[in-house]
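Asks: Next comes model-v9.cif, mmCIF, C-alpha atoms and all ligand atoms:
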data_start
loop_
_atom_site.label_atom_id
_atom_site.label_comp_id
_atom_site.auth_asym_id
_atom_site.auth_seq_id
_atom_site.Cartn_x
_atom_site.Cartn_y
_atom_site.Cartn_z
CA MET A 24 93.00 90.48 124.24
CA HIS A 25 96.25 92.16 125.37
CA PRO A 26 95.89 95.67 126.84
CA TYR A 27 96.82 98.52 124.50
CA GLY A 28 96.53 102.31 124.28
CA ARG A 29 95.85 103.90 127.68
CA TYR A 30 95.73 100.46 129.40
CA ALA A 31 99.13 99.18 128.24
CA THR A 32 101.43 98.71 131.23
CA ARG A 33 105.07 99.14 130.30
CA GLY A 34 106.68 95.88 131.42
CA GLN A 35 110.45 95.67 130.99
CA SER A 36 110.21 92.59 128.78
CA ASP A 37 107.62 94.15 126.45
CA ILE A 38 108.58 95.37 123.00
CA TYR A 39 106.74 98.47 121.78
CA ILE A 40 106.39 99.57 118.18
CA PRO A 41 105.10 102.85 116.68
CA ALA A 42 101.28 103.00 116.46
CA LYS A 43 101.27 103.66 112.69
CA ILE A 44 103.26 100.48 111.96
CA ALA A 45 101.25 98.52 114.54
CA TRP A 46 97.86 99.40 113.02
CA PHE A 47 99.13 98.84 109.49
CA ALA A 48 100.43 95.36 110.40
CA MET A 49 97.30 94.42 112.34
CA GLU A 50 94.66 95.51 109.85
CA MET A 51 96.45 94.57 106.61
CA PRO A 52 95.55 90.82 106.72
CA SER A 53 91.81 91.59 106.82
CA PHE A 54 92.28 93.37 103.50
CA LEU A 55 94.92 91.15 101.94
CA VAL A 56 93.49 87.70 102.72
CA PRO A 57 90.08 88.24 101.01
CA VAL A 58 91.84 89.93 98.07
CA LEU A 59 94.15 86.90 97.68
CA LEU A 60 91.18 84.52 97.96
CA LEU A 61 89.39 86.54 95.30
CA TRP A 62 92.43 86.48 93.05
CA GLN A 63 92.69 82.70 93.49
CA ALA A 64 88.96 82.22 92.74
CA GLY A 65 89.21 84.38 89.63
CA SER A 66 85.71 85.87 89.85
CA LEU A 67 82.64 86.34 92.05
CA ASP A 68 79.10 85.26 91.17
CA GLY A 69 76.52 88.03 91.09
CA MET A 70 76.38 91.73 92.03
CA GLY A 71 75.39 90.94 95.64
CA SER A 72 78.56 88.97 96.40
CA LYS A 73 80.72 91.49 94.57
CA PHE A 74 79.29 94.46 96.45
CA LEU A 75 79.46 92.76 99.85
CA THR A 76 83.05 91.59 99.38
CA PHE A 77 84.09 95.09 98.32
CA MET A 78 82.36 96.50 101.42
CA PHE A 79 84.37 94.23 103.72
CA CYS A 80 87.64 94.96 101.91
CA GLY A 81 86.79 98.69 101.67
CA HIS A 82 86.61 99.00 105.45
CA TYR A 83 90.06 97.46 105.84
CA LEU A 84 91.51 99.34 102.88
CA HIS A 85 90.74 102.56 104.76
CA ARG A 86 91.98 101.16 108.09
CA THR A 87 95.24 99.89 106.63
CA PHE A 88 96.26 102.67 104.28
CA ILE A 89 94.62 105.81 105.72
CA TYR A 90 93.71 105.34 109.40
CA ALA A 91 96.98 103.58 110.26
CA VAL A 92 99.04 106.32 108.61
CA ARG A 93 97.14 109.11 110.39
CA ASN A 94 97.04 107.32 113.76
CA ASN A 95 98.95 109.26 116.45
CA GLY A 96 98.48 106.82 119.32
CA CYS A 97 101.13 105.87 121.84
CA PRO A 98 103.55 103.02 120.98
CA THR A 99 101.81 99.65 120.87
CA PRO A 100 102.90 96.40 122.58
CA LEU A 101 104.16 93.86 120.04
CA ARG A 102 102.12 91.12 121.77
CA PHE A 103 98.92 93.03 120.97
CA VAL A 104 100.01 93.56 117.34
CA LEU A 105 100.69 89.83 116.91
CA SER A 106 97.37 88.74 118.39
CA GLY A 107 95.49 91.44 116.43
CA SER A 108 97.22 90.38 113.24
CA LEU A 109 96.35 86.73 113.82
CA PHE A 110 92.72 87.63 114.49
CA CYS A 111 92.52 89.75 111.31
CA THR A 112 94.07 86.93 109.25
CA LEU A 113 91.55 84.37 110.53
CA ASN A 114 88.59 86.73 110.25
CA GLY A 115 89.68 87.90 106.78
CA TYR A 116 89.82 84.24 105.71
CA LEU A 117 86.47 83.40 107.34
CA GLN A 118 84.58 86.35 105.83
CA GLY A 119 86.32 86.14 102.44
CA HIS A 120 85.89 82.37 102.09
CA ASN A 121 82.28 82.64 103.21
CA MET A 122 81.49 85.30 100.61
CA ILE A 123 83.42 83.71 97.73
CA TYR A 124 82.71 79.99 98.20
CA CYS A 125 79.70 79.56 100.51
CA THR A 126 77.13 82.15 99.44
CA GLN A 127 75.14 82.79 96.33
CA TYR A 128 72.75 85.70 95.99
CA ASP A 129 70.21 85.84 93.20
CA ASP A 130 69.70 89.09 91.29
CA ASN A 131 66.73 90.10 93.46
CA TRP A 132 68.91 90.18 96.59
CA ILE A 133 70.31 93.65 95.91
CA THR A 134 66.83 95.18 95.67
CA GLY A 135 65.54 93.35 98.77
CA PHE A 136 64.87 94.85 102.21
CA ARG A 137 67.72 93.07 103.99
CA PHE A 138 70.37 94.13 101.51
CA ILE A 139 69.24 97.76 101.29
CA SER A 140 68.68 98.27 105.03
CA GLY A 141 71.98 96.50 105.80
CA ILE A 142 73.91 98.63 103.32
CA MET A 143 72.38 101.81 104.75
CA LEU A 144 73.33 100.81 108.30
CA TYR A 145 76.82 99.87 107.11
CA PHE A 146 77.46 103.30 105.56
CA VAL A 147 75.91 105.23 108.45
CA GLY A 148 78.06 103.21 110.89
CA MET A 149 81.18 103.66 108.79
CA SER A 150 80.65 107.45 108.59
CA ILE A 151 80.21 107.70 112.38
CA ASN A 152 83.26 105.49 112.96
CA ILE A 153 85.57 107.43 110.63
CA HIS A 154 84.31 110.87 111.72
CA SER A 155 84.74 109.96 115.40
CA ASP A 156 88.19 108.42 114.89
CA TYR A 157 89.36 111.64 113.23
CA ILE A 158 87.95 113.75 116.09
CA LEU A 159 90.15 111.68 118.44
CA ILE A 160 93.19 112.06 116.18
CA SER A 161 92.71 115.85 116.07
CA LEU A 162 92.85 116.11 119.88
CA ARG A 163 96.62 115.67 119.91
CA LYS A 164 99.57 117.66 118.61
CA PRO A 165 102.55 115.69 117.21
CA GLY A 166 104.46 113.84 119.95
CA ASP A 167 101.67 114.36 122.52
CA TYR A 168 100.20 111.24 124.12
CA GLY A 169 97.83 113.01 126.53
CA TYR A 170 94.08 112.39 126.82
CA TYR A 171 91.46 115.13 126.41
CA ILE A 172 87.65 115.23 126.45
CA PRO A 173 86.43 114.57 122.89
CA GLN A 174 83.84 117.07 121.64
CA GLY A 175 81.56 117.19 118.63
CA GLY A 176 79.74 114.66 116.49
CA LEU A 177 78.33 111.68 118.35
CA PHE A 178 80.79 112.28 121.21
CA GLU A 179 78.19 114.77 122.48
CA TYR A 180 76.04 111.71 123.29
CA VAL A 181 78.43 108.85 124.01
CA THR A 182 81.99 108.24 125.22
CA ALA A 183 82.81 105.63 122.57
CA ALA A 184 81.32 107.16 119.41
CA ASN A 185 83.92 105.46 117.18
CA TYR A 186 83.04 102.04 118.64
CA PHE A 187 79.31 102.69 118.27
CA GLY A 188 79.89 103.44 114.57
CA GLU A 189 81.98 100.30 114.11
CA ILE A 190 79.35 98.08 115.75
CA VAL A 191 76.51 99.57 113.66
CA GLU A 192 78.66 99.10 110.56
CA TRP A 193 79.27 95.40 111.13
CA PHE A 194 75.64 94.70 112.06
CA GLY A 195 74.70 96.43 108.80
CA TYR A 196 77.13 94.18 106.94
CA ALA A 197 75.72 91.12 108.74
CA ILE A 198 72.13 92.04 107.79
CA ALA A 199 73.12 92.72 104.17
CA THR A 200 74.97 89.39 103.85
CA SER A 201 72.62 87.46 106.18
CA THR A 202 75.29 84.86 106.93
CA LEU A 203 76.40 83.29 110.21
CA PRO A 204 80.10 84.32 109.98
CA ALA A 205 79.12 87.97 109.44
CA PHE A 206 76.75 87.92 112.44
CA ALA A 207 79.40 86.16 114.54
CA PHE A 208 81.87 88.96 113.72
CA ALA A 209 79.30 91.69 114.50
CA ILE A 210 78.54 90.09 117.87
CA PHE A 211 82.27 89.73 118.60
CA CYS A 212 82.74 93.47 117.88
CA ALA A 213 79.82 94.42 120.12
CA CYS A 214 81.24 92.39 123.04
CA ASN A 215 84.86 93.41 122.54
CA LEU A 216 84.25 97.12 121.90
CA GLY A 217 81.36 97.33 124.36
CA ALA A 218 83.65 96.22 127.20
CA ARG A 219 86.40 98.63 126.11
CA ALA A 220 83.85 101.47 125.82
CA TRP A 221 82.81 100.88 129.42
CA HIS A 222 86.44 101.07 130.58
CA HIS A 223 86.97 104.28 128.56
CA HIS A 224 83.88 105.81 130.19
CA ARG A 225 85.10 104.93 133.68
CA TYR A 226 88.56 106.30 132.81
CA TYR A 227 87.12 109.69 131.74
CA LEU A 228 84.89 109.96 134.81
CA GLU A 229 87.90 109.32 137.07
CA LYS A 230 90.26 111.63 135.16
CA PHE A 231 88.04 114.64 134.41
CA ASP A 232 85.84 116.31 137.06
CA ASP A 233 84.07 118.22 134.28
CA TYR A 234 83.32 115.16 132.13
CA PRO A 235 79.76 115.67 130.75
CA LYS A 236 77.40 113.80 133.07
CA SER A 237 74.74 113.30 130.38
CA ARG A 238 77.16 111.39 128.12
CA LYS A 239 76.33 107.69 127.88
CA VAL A 240 78.89 104.88 127.36
CA LEU A 241 78.11 103.50 123.91
CA ILE A 242 74.51 103.81 122.73
CA PRO A 243 73.01 107.33 122.63
CA HIS A 244 70.31 107.91 125.33
CA ILE A 245 70.32 104.20 126.29
CA PHE A 246 73.65 102.83 127.61
N1 LIG B 1 86.26 95.41 115.21
C1 LIG B 1 86.89 95.33 116.37
O1 LIG B 1 86.72 94.39 117.14
C2 LIG B 1 87.85 96.43 116.74
C3 LIG B 1 88.75 96.23 117.79
C4 LIG B 1 89.60 97.28 118.14
C5 LIG B 1 89.54 98.48 117.45
N2 LIG B 1 88.67 98.63 116.42
C6 LIG B 1 88.57 99.94 115.71
O2 LIG B 1 89.86 100.50 115.54
C7 LIG B 1 89.82 101.91 115.76
C8 LIG B 1 90.80 102.28 116.87
O3 LIG B 1 90.46 101.54 118.03
P1 LIG B 1 91.08 101.91 119.48
O4 LIG B 1 90.66 100.84 120.42
O5 LIG B 1 92.53 102.27 119.36
O6 LIG B 1 90.24 103.26 119.79
P2 LIG B 1 90.47 104.34 120.96
O7 LIG B 1 90.92 103.70 122.23
O8 LIG B 1 89.23 105.17 120.98
O9 LIG B 1 91.70 105.21 120.41
C9 LIG B 1 91.71 105.71 119.10
C10 LIG B 1 92.90 106.64 118.92
O10 LIG B 1 92.64 107.91 119.53
C11 LIG B 1 93.53 108.14 120.62
N3 LIG B 1 92.67 108.64 121.70
C12 LIG B 1 91.62 107.97 122.25
N4 LIG B 1 91.01 108.74 123.17
C13 LIG B 1 91.69 109.90 123.20
C14 LIG B 1 91.56 111.10 123.99
N5 LIG B 1 90.57 111.23 124.88
N6 LIG B 1 92.44 112.13 123.78
C15 LIG B 1 93.42 111.99 122.85
N7 LIG B 1 93.60 110.88 122.08
C16 LIG B 1 92.75 109.85 122.26
C17 LIG B 1 94.19 106.81 120.96
O11 LIG B 1 95.49 107.01 121.46
P3 LIG B 1 96.20 105.88 122.41
O12 LIG B 1 96.39 104.67 121.52
O13 LIG B 1 97.49 106.54 122.80
O14 LIG B 1 95.28 105.61 123.56
C18 LIG B 1 94.19 106.14 119.58
O15 LIG B 1 95.27 106.61 118.81
C19 LIG B 1 88.37 102.25 116.11
O16 LIG B 1 87.70 102.72 114.96
C20 LIG B 1 87.77 100.94 116.55
O17 LIG B 1 86.38 100.88 116.28
C21 LIG B 1 87.83 97.64 116.05
#
Would you give me this structure, written as structure tokens?

Replies:
Amino acid sequence: MHPYGRYATRGQSDIYIPAKIAWFAMEMPSFLVPVLLLWQAGSLDGMGSKFLTFMFCGHYLHRTFIYAVRNNGCPTPLRFVLSGSLFCTLNGYLQGHNMIYCTQYDDNWITGFRFISGIMLYFVGMSINIHSDYILISLRKPGDYGYYIPQGGLFEYVTAANYFGEIVEWFGYAIATSTLPAFAFAIFCACNLGARAWHHHRYYLEKFDDYPKSRKVLIPHIF
């Protein structure tokens, strides 16, 4: 993945675009592709498939139309936007196609343990992710691209509270759907965001002498 945010190095040949447009363009395909697949299919069988497809699209609806608009990050390299957009197109197709054409849940699925525990994890993870992302957004005044120590919420326990929420969310989705593509995506998120969380943690320790020593990297009390 191309470096972005605090790790982007401003090469002369790089094109940078505003963060709001970048995040809108990157996340939009993960919402649009499943919606188009759904429109083409006409309908979805069963409450389980309907609910799970709306969960996937709901995450990206928020990311595309609310998070992207509120994002106040530094300008983003076009190369990262293009690769992110391609990934979201492929993953949107994979998850949407899987849910619409390859799965069938009987009526008992939505009262079963896997569905209910997965849904609960999904919403807990989503709440942590959104709450933490908005704590980060609130650290800056307009036009400021500085970095500050995040406080409050799960940031009291870990450096990458927003990533922890996102990972929990997608594992919840994977458990609720119990399909290989959903687990593959959850594992991808854990690897991708886990590595970035570690770099963020190292960055804070180097930048701030008063960075809380008890704060872990990603998983409260553990890592
Ligand atoms: N599913 C996946 O694989 C995946 C991959 C990437 C991202 N995401 C999700 O997308 C969202 C954004 O990801 P991200 O990698 O951009 O997160 P991030 O590095 O934590 O940054 C989030 C936003 O907050 C700003 N920010 C971060 N730390 C800050 C600090 N200490 N002081 C002031 N501002 C700070 C960043 O600005 P700058 O941009 O200027 O640094 C950026 O606008 C997260 O919810 C993440 O979970 C998911």

Asks: Could you tell me how far atom CA of A:Ser53 lies from atom O17 of ligand LIG 1 (chain B), in Å and to one decimal?

Replies: 14.3 Å

Asks: Residues around (96.5, 94.8, 105.9), cut-off 9 Å, counting only C-alpha atoms - what are they as a ChimeraX atom specification?

Replies: /A:46-56,83-84,86-88,108,111-112

Asks: Ligand LIG 1 (chain B): which residues are within 8 Å, counting all atoms listed in the file, as an NGL selection string?

Replies: :A and (27-30 or 42 or 86 or 94-99 or 152-153 or 155-156 or 159-163 or 168-173 or 183 or 185-190 or 208-209 or 211-213 or 215-216 or 219 or 223 or 227)

Asks: Measuring atom to atom with all atoms listed in the file, identify which of A:Ala197, A:Tyr234, A:Gly217, A:Thr202 is nearest to A:Gln174.

Replies: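 Between A:Ala197, A:Tyr234, A:Gly217, A:Thr202, the residue approaching A:Gln174 most closely is A:Tyr234.
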
Asks: Between atom CA of A:Ile158 and atom CA of A:Phe110, what is the spacing in Å?

Replies: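 Pair atom CA of A:Phe110 / atom CA of A:Ile158 returns 26.6 Å.
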
Asks: Which of these, A:Ser150, A:Thr182, A:Ser36, A:Thr76, has the shortest distance to A:Thr126 once you count only C-alpha atoms?

Replies: A:Thr76

Asks: Kindly indicate which residue among A:Cys80, A:Ile245, A:Leu101, A:Ile198 lies nearest to A:Leu61, using all atoms listed in the file for the distances.

Replies: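 So, comparing all the options, the nearest one is A:Cys80.
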
Asks: Could you tell me how far atom CA of A:Leu177 sits from atom CA of A:Phe77, in Å to one decimal place?

Replies: 26.6 Å

Asks: Smallest atom-to-atom distance to A:Val147: which of A:Met70, A:Val240, A:Met78, A:Val191, using all atoms listed in the file?

Replies: A:Val191

Asks: Have a look at A:Pro26, A:Pro165, A:Gly65, A:Pro100 and name the one nearest to A:Tyr39; count all atoms listed in the file.

Replies: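 Closest to A:Tyr39, using all atoms listed in the file: A:Pro100.
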
Asks: Identify which of the residues A:Leu241, A:Leu75, A:Ala218, A:Leu59 lies closest to A:Ile133, counting only C-alpha atoms when measuring atom-to-atom distances.

Replies: A:Leu75

Asks: Excluding A:Lys239 and its own-chain neighbours fewer than 5 positions away, which residues fall within 10 Å of it when counting all atoms listed in the file? Please give them as a ChimeraX atom specification.

Replies: /A:178-184,220-221,224,244-246

Asks: Box in all listed atoms of stretch 122-125 of chain A, axis-aligned, with 8 Å more on each side; write out centre and edge lengths in Å to one decimal as AutoDock Vina command-line options.

Replies:
--center_x 81.6 --center_y 82.4 --center_z 99.2 --size_x 19.7 --size_y 21.7 --size_z 18.9
